Amino acid sequence: MLLSSRPIIEASRMVQTLTGPNILEQAENKRSTYVGRELQGKTIGLLGLGAIGTKVALSCYGLGMDVLGYSIRDAQ
């Protein structure tokens, strides 16, 4: 989910190419290129709230997302 909302891999590759004594300054200057969408306030829908679905729901809730879940067990 984080990888789909932010270009983390591309940013990591960019940082690995930096050289010289001012690496932090170079990275800071390029940071705006790799800004992604905020997850806080977004809504996620989960189908299945077993062990994995519950952990995903809790993680999303911790990131400030609105969580909608459906569990077949609760529907029966």
# chains A, B, ... in the order shown; residues from 1 in each chain; ligands from 1
$ select_by_dssp --residues "region 1-73 of chain A" --states "helix (DSSP H, G or I)" --output "PyMOL selection string"
chain A and resi 2-5+8-17+23-34+51-62+72-73
$ residues_around --residues "region 55-71 of chain A" --least-positions-apart "4" --cutoff "7 Å" --atoms "only C-alpha atoms" --output "VMD selection string"
chain A and resid 39 to 49 51 75
$ write_last_selection --atoms "N, CA and C atoms" --output "PDB file, in the first residue's frame"
ATOM      1  N   LEU A  39      -2.061   9.085   2.842  1.00  0.00           N
ATOM      2  CA  LEU A  39      -3.038   8.028   3.106  1.00  0.00           C
ATOM      3  C   LEU A  39      -4.049   8.450   4.165  1.00  0.00           C
ATOM      4  N   GLN A  40      -3.665   9.387   5.017  1.00  0.00           N
ATOM      5  CA  GLN A  40      -4.566   9.841   6.068  1.00  0.00           C
ATOM      6  C   GLN A  40      -5.826  10.434   5.440  1.00  0.00           C
ATOM      7  N   GLY A  41      -6.973   9.993   5.925  1.00  0.00           N
ATOM      8  CA  GLY A  41      -8.249  10.477   5.422  1.00  0.00           C
ATOM      9  C   GLY A  41      -8.792   9.705   4.228  1.00  0.00           C
ATOM     10  N   LYS A  42      -7.980   8.838   3.643  1.00  0.00           N
ATOM     11  CA  LYS A  42      -8.436   8.001   2.533  1.00  0.00           C
ATOM     12  C   LYS A  42      -9.235   6.827   3.097  1.00  0.00           C
ATOM     13  N   THR A  43     -10.044   6.201   2.257  1.00  0.00           N
ATOM     14  CA  THR A  43     -10.860   5.063   2.665  1.00  0.00           C
ATOM     15  C   THR A  43     -10.369   3.805   1.972  1.00  0.00           C
ATOM     16  N   ILE A  44     -10.284   2.719   2.735  1.00  0.00           N
ATOM     17  CA  ILE A  44      -9.915   1.421   2.177  1.00  0.00           C
ATOM     18  C   ILE A  44     -11.025   0.428   2.506  1.00  0.00           C
ATOM     19  N   GLY A  45     -11.340  -0.418   1.547  1.00  0.00           N
ATOM     20  CA  GLY A  45     -12.316  -1.479   1.759  1.00  0.00           C
ATOM     21  C   GLY A  45     -11.616  -2.824   1.757  1.00  0.00           C
ATOM     22  N   LEU A  46     -11.879  -3.627   2.753  1.00  0.00           N
ATOM     23  CA  LEU A  46     -11.242  -4.935   2.883  1.00  0.00           C
ATOM     24  C   LEU A  46     -12.298  -6.032   2.835  1.00  0.00           C
ATOM     25  N   LEU A  47     -12.047  -7.022   1.998  1.00  0.00           N
ATOM     26  CA  LEU A  47     -12.914  -8.194   1.918  1.00  0.00           C
ATOM     27  C   LEU A  47     -12.215  -9.325   2.647  1.00  0.00           C
ATOM     28  N   GLY A  48     -12.765  -9.723   3.760  1.00  0.00           N
ATOM     29  CA  GLY A  48     -12.143 -10.758   4.582  1.00  0.00           C
ATOM     30  C   GLY A  48     -11.417 -10.133   5.749  1.00  0.00           C
ATOM     31  N   LEU A  49     -11.855 -10.470   6.927  1.00  0.00           N
ATOM     32  CA  LEU A  49     -11.240  -9.923   8.136  1.00  0.00           C
ATOM     33  C   LEU A  49     -10.717 -11.041   9.015  1.00  0.00           C
ATOM     34  N   ALA A  51      -7.078 -13.278   9.961  1.00  0.00           N
ATOM     35  CA  ALA A  51      -5.836 -12.834  10.604  1.00  0.00           C
ATOM     36  C   ALA A  51      -5.143 -11.744   9.794  1.00  0.00           C
ATOM     37  N   ALA A  75     -21.434 -12.269   8.487  1.00  0.00           N
ATOM     38  CA  ALA A  75     -22.657 -12.201   7.686  1.00  0.00           C
ATOM     39  C   ALA A  75     -23.542 -13.424   7.893  1.00  0.00           C
TER      40      ALA A  75
END
$ select_by_dssp --residues "chain A" --states "strand (DSSP E or B)" --output "list in words"
Thr43, Ile44, Gly45, Leu46, Leu47, Asp66, Val67, Leu68, Gly69 and Tyr70 of chain A
$ atom_distance --atom1 "CA of Val15 (chain A)" --atom2 "CA of Thr33 (chain A)"
12.1 Å
$ atom_distance --atom1 "CA of Ser4 (chain A)" --atom2 "CA of Glu38 (chain A)"
11.0 Å
$ atom_distance --atom1 "CA of Ala27 (chain A)" --atom2 "CA of Ile8 (chain A)"
13.4 Å
